[in-house]
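Engineer: So that you have it, the file is input.txt, and it contains compact mmCIF, C-alpha atoms:
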```txt
# COMPACT_ATOMS: atom_id res chain seq x y z
CA MET A 4 173.93 107.50 -140.62
CA LYS A 5 171.38 109.84 -142.07
CA PHE A 6 168.65 108.88 -144.45
CA ASN A 7 168.75 111.32 -147.33
CA GLY A 8 165.98 109.86 -149.41
CA GLN A 9 168.34 108.03 -151.74
CA GLY A 10 169.91 105.55 -149.43
CA LEU A 11 172.08 105.41 -146.38
CA THR A 12 175.06 107.26 -147.73
CA GLU A 13 175.73 110.26 -145.56
CA THR A 14 177.78 109.90 -142.43
CA ILE A 15 177.33 112.18 -139.46
CA SER A 16 180.37 112.35 -137.25
CA ARG A 17 179.78 111.76 -133.57
CA PRO A 18 182.26 113.53 -131.33
CA MET A 19 183.10 112.05 -128.00
CA PRO A 20 181.35 113.60 -125.03
CA ALA A 21 183.05 116.92 -124.44
CA PRO A 22 182.85 117.10 -120.67
CA ASN A 23 185.22 115.00 -118.62
CA PHE A 24 183.01 113.31 -116.13
CA GLY A 25 185.66 111.01 -114.73
CA PRO A 26 185.11 107.30 -114.21
CA LEU A 27 181.82 106.26 -115.65
CA SER A 28 181.68 102.68 -114.44
CA GLY A 29 182.76 100.64 -111.49
CA ASN A 30 181.59 98.45 -108.70
CA HIS A 31 181.05 98.79 -105.00
CA ASN A 32 181.49 95.96 -102.58
CA GLY A 33 180.07 96.30 -99.12
CA SER A 34 176.96 97.45 -97.39
CA GLY A 35 175.36 100.67 -96.25
CA THR A 36 174.65 103.79 -98.27
CA VAL A 37 177.12 105.21 -100.81
CA THR A 38 177.10 107.62 -103.73
CA LEU A 39 178.06 105.67 -106.82
CA PHE A 40 178.76 108.75 -108.92
CA THR A 41 177.96 112.43 -109.32
CA ILE A 42 177.66 114.10 -112.71
CA ASP A 43 178.38 117.81 -112.45
CA PHE A 44 177.43 120.10 -115.30
CA SER A 45 178.59 123.25 -113.53
CA GLY A 46 180.70 125.44 -115.78
CA ILE A 47 179.49 123.74 -118.92
CA ASN A 48 177.53 125.69 -121.47
CA MET A 49 173.94 124.67 -121.80
CA ASP A 50 174.55 123.67 -125.41
CA ASP A 51 177.17 121.22 -124.25
CA ARG A 52 175.06 119.58 -121.63
CA TRP A 53 173.98 116.04 -122.08
CA PRO A 54 170.31 115.88 -121.25
CA LEU A 55 169.68 112.13 -121.25
CA TRP A 56 171.74 109.51 -119.47
CA ALA A 57 171.67 105.76 -119.30
CA VAL A 58 172.21 104.33 -115.83
CA THR A 59 172.61 100.63 -115.19
CA VAL A 60 173.10 99.10 -111.75
CA ALA A 61 173.06 95.37 -111.07
CA SER A 62 173.82 92.99 -108.25
CA ARG A 63 173.17 89.55 -106.89
CA GLN A 64 171.97 91.20 -103.69
CA ALA A 65 169.10 93.55 -103.02
CA PHE A 66 169.72 97.27 -103.13
CA THR A 67 167.84 100.55 -103.11
CA ILE A 68 168.49 103.17 -105.78
CA ASP A 69 168.12 106.85 -104.97
CA VAL A 70 168.51 109.19 -107.96
CA GLN A 71 168.92 112.83 -107.03
CA VAL A 72 169.30 116.15 -108.85
CA ASP A 73 170.59 119.52 -107.71
CA ASN A 74 170.13 122.90 -109.30
CA THR A 75 171.52 125.34 -106.79
CA GLU A 76 173.90 128.07 -107.95
CA SER A 77 175.36 129.16 -104.63
CA GLY A 78 177.25 125.97 -103.99
CA ALA A 79 175.00 124.95 -101.16
CA GLU A 80 173.64 121.74 -102.53
CA GLU A 81 169.98 120.86 -102.20
CA TRP A 82 169.48 117.39 -103.52
CA LEU A 83 166.05 116.42 -104.70
CA THR A 84 165.18 112.76 -105.07
CA ILE A 85 163.57 112.08 -108.42
CA GLU A 86 163.43 108.32 -108.20
CA ASN A 87 163.68 105.88 -105.33
CA VAL A 88 163.52 102.23 -106.21
CA LEU A 89 163.80 99.24 -103.95
CA ASP A 90 164.13 95.84 -105.57
CA GLU A 91 163.33 93.48 -102.75
CA ASN A 92 162.56 90.30 -104.52
CA GLY A 93 164.95 89.86 -107.41
CA THR A 94 164.32 87.37 -110.15
CA THR A 95 165.92 84.04 -110.86
CA ASP A 96 167.18 83.54 -114.39
CA THR A 97 167.46 80.31 -116.31
CA TYR A 98 171.01 79.81 -115.01
CA GLY A 99 169.63 79.79 -111.48
CA ASN A 100 171.19 83.13 -110.53
CA VAL A 101 169.22 85.76 -108.66
CA ASN A 102 169.25 89.18 -110.30
CA TYR A 103 168.61 92.65 -108.96
CA SER A 104 168.89 95.35 -111.58
CA TYR A 105 168.07 98.94 -112.38
CA SER A 106 168.48 100.17 -115.96
CA ARG A 107 166.93 103.46 -117.00
CA LEU A 108 167.21 106.43 -119.29
CA LEU A 109 167.18 109.50 -117.08
CA PRO A 110 166.31 112.93 -118.46
CA VAL A 111 168.27 115.48 -116.41
CA ILE A 112 168.17 118.51 -118.68
CA GLY A 113 167.94 121.76 -116.78
CA PHE A 114 169.74 120.51 -113.68
CA ARG A 115 173.29 121.30 -112.69
CA LYS A 116 174.11 117.98 -111.10
CA PHE A 117 172.73 114.53 -110.71
CA ARG A 118 173.91 111.60 -108.67
CA VAL A 119 172.95 108.06 -107.85
CA ASN A 120 173.08 106.71 -104.33
CA ILE A 121 172.57 103.11 -103.42
CA THR A 122 171.84 101.41 -100.18
CA HIS A 123 172.99 97.84 -99.88
CA THR A 124 170.30 96.14 -97.92
CA VAL A 125 172.41 92.99 -98.09
CA ALA A 126 176.19 93.13 -98.29
CA GLY A 127 177.60 92.34 -101.72
CA THR A 128 178.98 93.77 -104.94
CA VAL A 129 177.02 96.25 -106.99
CA TYR A 130 178.13 96.85 -110.59
CA TRP A 131 177.26 100.15 -112.19
CA ALA A 132 177.82 102.21 -115.33
CA VAL A 133 176.53 105.54 -116.55
CA ALA A 134 176.80 107.08 -120.01
CA PRO A 135 175.20 110.02 -121.80
CA LEU A 136 173.08 109.44 -124.84
CA TRP A 137 174.05 111.12 -128.02
CA ARG A 138 172.25 114.44 -128.44
CA TYR A 139 171.63 115.54 -132.00
CA MET B 11 153.08 72.11 -143.03
CA ARG B 12 156.31 73.35 -141.50
CA TYR B 13 156.29 76.95 -140.41
CA ARG B 14 159.33 79.10 -140.02
CA VAL B 15 159.29 82.67 -138.78
CA ALA B 16 162.80 83.72 -139.64
CA ASN B 17 164.24 81.89 -142.60
CA GLN B 18 166.38 84.57 -144.17
CA THR B 19 169.76 85.96 -143.34
CA PRO B 20 169.24 89.40 -141.81
CA VAL B 21 170.18 92.26 -144.07
CA PHE B 22 171.38 95.43 -142.38
CA GLN B 23 172.34 98.68 -144.00
CA GLY B 24 174.16 101.51 -142.44
CA SER B 25 176.58 101.61 -139.60
CA PRO B 26 177.17 100.31 -137.02
CA ASN B 27 176.41 96.83 -138.18
CA ASN B 28 176.40 95.41 -134.72
CA TYR B 29 174.23 92.38 -134.25
CA SER B 30 174.42 88.65 -133.88
CA TYR B 31 171.98 85.84 -134.23
CA VAL B 32 171.68 82.14 -133.65
CA ASP B 33 169.22 79.57 -134.85
CA MET B 34 167.27 77.28 -132.60
CA THR B 35 167.02 73.75 -133.87
CA ALA B 36 166.23 71.73 -130.78
CA LEU B 37 164.60 71.97 -127.40
CA GLY B 38 166.70 73.90 -124.88
CA SER B 39 168.48 77.24 -124.91
CA VAL B 40 170.42 79.30 -127.45
CA GLU B 41 172.34 82.51 -126.89
CA ALA B 42 173.51 85.44 -128.98
CA GLY B 43 175.63 88.31 -127.72
CA ILE B 44 177.18 91.60 -128.72
CA THR B 45 179.73 94.08 -127.45
CA ARG B 46 178.27 97.53 -127.65
CA SER B 47 180.27 99.75 -129.96
CA SER B 48 179.10 103.13 -128.75
CA PRO B 49 180.68 105.00 -125.84
CA TYR B 50 177.27 106.47 -125.23
CA GLY B 51 174.37 104.96 -123.44
CA GLY B 52 171.76 103.32 -125.59
CA TYR B 53 169.64 100.27 -126.04
CA VAL B 54 169.99 96.67 -126.92
CA SER B 55 167.14 94.94 -128.66
CA ALA B 56 166.53 91.22 -128.89
CA CYS B 57 163.84 89.53 -130.88
CA SER B 58 162.99 85.93 -131.38
CA GLY B 59 160.61 83.86 -133.40
CA VAL B 60 159.91 80.24 -132.65
CA THR B 61 157.75 77.74 -134.47
CA TYR B 62 156.96 74.13 -133.80
CA SER B 63 156.30 71.32 -136.16
CA PRO B 64 154.01 69.63 -135.62
CA PRO B 65 152.10 72.16 -133.52
CA PRO B 66 152.48 71.13 -129.89
CA SER B 67 149.69 70.79 -127.38
CA SER B 68 151.63 72.99 -124.99
CA THR B 69 154.99 74.62 -124.67
CA GLN B 70 156.81 77.50 -123.08
CA VAL B 71 159.06 80.04 -124.78
CA GLN B 72 161.19 82.44 -122.75
CA LEU B 73 163.34 85.36 -123.85
CA GLU B 74 165.90 86.80 -121.45
CA VAL B 75 168.31 89.70 -121.92
CA PHE B 76 171.46 89.98 -119.82
CA VAL B 77 174.03 92.76 -119.48
CA SER B 78 177.55 92.68 -118.11
CA THR B 79 180.45 94.97 -117.35
CA ASP B 80 183.13 92.30 -117.78
CA ASN B 81 181.69 89.65 -120.10
CA VAL B 82 181.85 87.23 -117.18
CA THR B 83 179.17 88.10 -114.66
CA TRP B 84 175.79 88.54 -116.29
CA PHE B 85 172.71 90.21 -114.90
CA ARG B 86 169.27 89.70 -116.30
CA VAL B 87 167.44 92.91 -117.15
CA PHE B 88 164.56 91.51 -119.18
CA SER B 89 162.51 88.34 -119.09
CA ARG B 90 159.29 87.34 -120.73
CA ILE B 91 157.67 83.95 -120.82
CA TYR B 92 154.94 82.93 -123.21
CA ASN B 93 152.92 79.99 -122.05
CA THR B 94 151.08 78.96 -125.10
CA ALA B 95 147.61 77.87 -125.84
CA PRO B 96 147.26 74.42 -127.39
CA ASN B 97 148.08 74.09 -131.06
CA ASN B 98 149.68 77.47 -131.53
CA VAL B 99 152.49 77.26 -134.03
CA ALA B 100 154.45 80.49 -133.73
CA TRP B 101 155.73 82.69 -130.94
CA TYR B 102 157.34 86.08 -131.24
CA ILE B 103 158.97 87.90 -128.31
CA ASN B 104 160.99 91.08 -128.44
CA SER B 105 162.65 93.48 -126.06
CA LEU B 106 164.18 96.94 -125.97
CA VAL B 107 166.40 97.52 -122.96
CA PRO B 108 168.25 100.71 -122.04
CA THR B 109 171.74 100.07 -120.76
CA ALA B 110 175.11 101.64 -120.07
CA PHE B 111 176.91 98.29 -119.70
CA PRO B 112 179.22 97.36 -122.59
CA TYR B 113 178.19 93.73 -123.04
CA ALA B 114 174.79 92.24 -123.73
CA LYS B 115 173.44 88.86 -124.65
CA ALA B 116 170.06 87.29 -125.18
CA ARG B 117 168.96 83.80 -124.27
CA LEU B 118 166.03 81.98 -125.78
CA THR B 119 164.71 78.94 -123.98
CA THR B 120 162.06 76.50 -125.10
CA SER B 121 160.75 73.78 -122.89
CA ILE B 122 158.14 71.17 -122.27
CA GLN B 123 157.87 69.36 -125.60
CA GLY B 124 158.13 69.37 -129.35
CA LEU B 125 160.65 70.29 -131.99
CA PRO B 126 161.17 74.05 -132.09
CA THR B 127 162.67 75.99 -134.95
CA GLY B 128 163.53 79.63 -134.67
CA ARG B 129 166.00 82.44 -134.60
CA LEU B 130 167.25 84.71 -131.86
CA THR B 131 168.80 88.05 -132.80
CA ILE B 132 170.29 90.75 -130.62
CA MET B 133 171.43 94.13 -131.87
CA GLU B 134 172.77 97.40 -130.60
CA VAL B 135 170.49 100.39 -130.91
CA ILE B 136 172.16 103.78 -131.07
CA VAL B 137 169.87 106.72 -130.66
```
Now that the file is in, can you turn its structure into structure tokens?
Structural biologist:
Amino acid sequence: MKFNGQGLTETISRPMPAPNFGPLSGNHNGSGTVTLFTIDFSGINMDDRWPLWAVTVASRQAFTIDVQVDNTESGAEEWLTIENVLDENGTTDTYGNVNYSYSRLLPVIGFRKFRVNITHTVAGTVYWAVAPLWRY
Amino acid sequence: MRYRVANQTPVFQGSPNNYSYVDMTALGSVEAGITRSSPYGGYVSACSGVTYSPPPSSTQVQLEVFVSTDNVTWFRVFSRIYNTAPNNVAWYINSLVPTAFPYAKARLTTSIQGLPTGRLTIMEVIV
């Protein structure tokens, strides 16, 4: 909705994200280091890029998040870590469950790719989802 | 005197109209949840107001926000506890949490003593 000075009367249509990024949620059960997903903007016009993404990862077990970006044009990837987060302690909620979570808005404008790797420091299931934010 | 922070039905204009709320009328926990309507990433916001009558000598008010991919397994992404000074009468806690998970709920817990009255609301925030 758009405020036009006279009330909330004008609707702005919101098209679905144009690029097909494939599965945008899932879970990984196990241990070790894996890439949860890679978002590839290659071949997409700059105007169609989605500069801000929500990433949520959660588990009952500890994990390390490694967010990386790549901006190479030749195809030889050079991943640069922009955030590395280790949640060692977790927190216990009022149900008595231990929670490890990572939920961020990541600005990735200007990069060709970004991906999220996790390292299970303790074997278990990690749930994840990623979605672009609407760009006006 | 009996205080009440939120004593009116919320009025929302515009779309989406995606929120839920629950009133707290006794010591313990209440929950309110939503299913996010947007395919995009965004926020969920929860806010709560709690009052006590009569003012207690001590109490504890906690707001938690959980997210889920399947509406079954919930993970806490926000928690704040207010341990109150004696004879306070009102507590307000809010949150704004970015998420890409489709389900979210908030949980408000009061403990220790007294008769709380309040409201917990959670809403989707599309940016």
Engineer: Which one of B:Leu130, B:Leu73, B:Ala36, B:Ile44 sits closest to chain A if you count only C-alpha atoms?
Structural biologist: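 Nearest to chain A: B:Leu73.
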Engineer: Within 12 Å of Ala132 (chain A), counting only C-alpha atoms, which residues qualify if same-chain residues fewer than 4 places away don't, as an MDAnalysis selection string?
Structural biologist: (chainID A and resid 25:31 39:41 56:61 104:107 119) or (chainID B and resid 49:52 77:80 108:113)
Engineer: Taking into account all atoms listed in the file, which residue in the set A:Pro110, A:Gly33, A:Gly78, A:Gly46 is nearest to Thr124 (chain A)?
Structural biologist: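 Ranked by minimum distance to Thr124 (chain A), first place goes to A:Gly33.
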Engineer: Just the residues within 9 Å of Arg90 (chain B), please, counting all atoms listed in the file, with nothing from its chain fewer than 2 positions along; format it as an MDAnalysis selection string.
Structural biologist: chainID B and resid 71:74 88 92 103:105
Engineer: Would you compute, for all listed atoms of region 120-134 of chain A, the axis-aligned bounding box grown by 8 Å on each side, and then report its centre and edge lengths in Å rounded to one decimal, as JSON?
Structural biologist:
```
{"center_x": 174.6, "center_y": 99.7, "center_z": -109.0, "size_x": 24.7, "size_y": 30.7, "size_z": 38.1}
```
Engineer: Have a look at B:Ala114, B:Ser39, B:Val32, B:Val135 and name the one nearest to Asn81 (chain B); count only C-alpha atoms.
Structural biologist: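 Using only C-alpha atoms, Asn81 (chain B) sits closest to B:Ala114.
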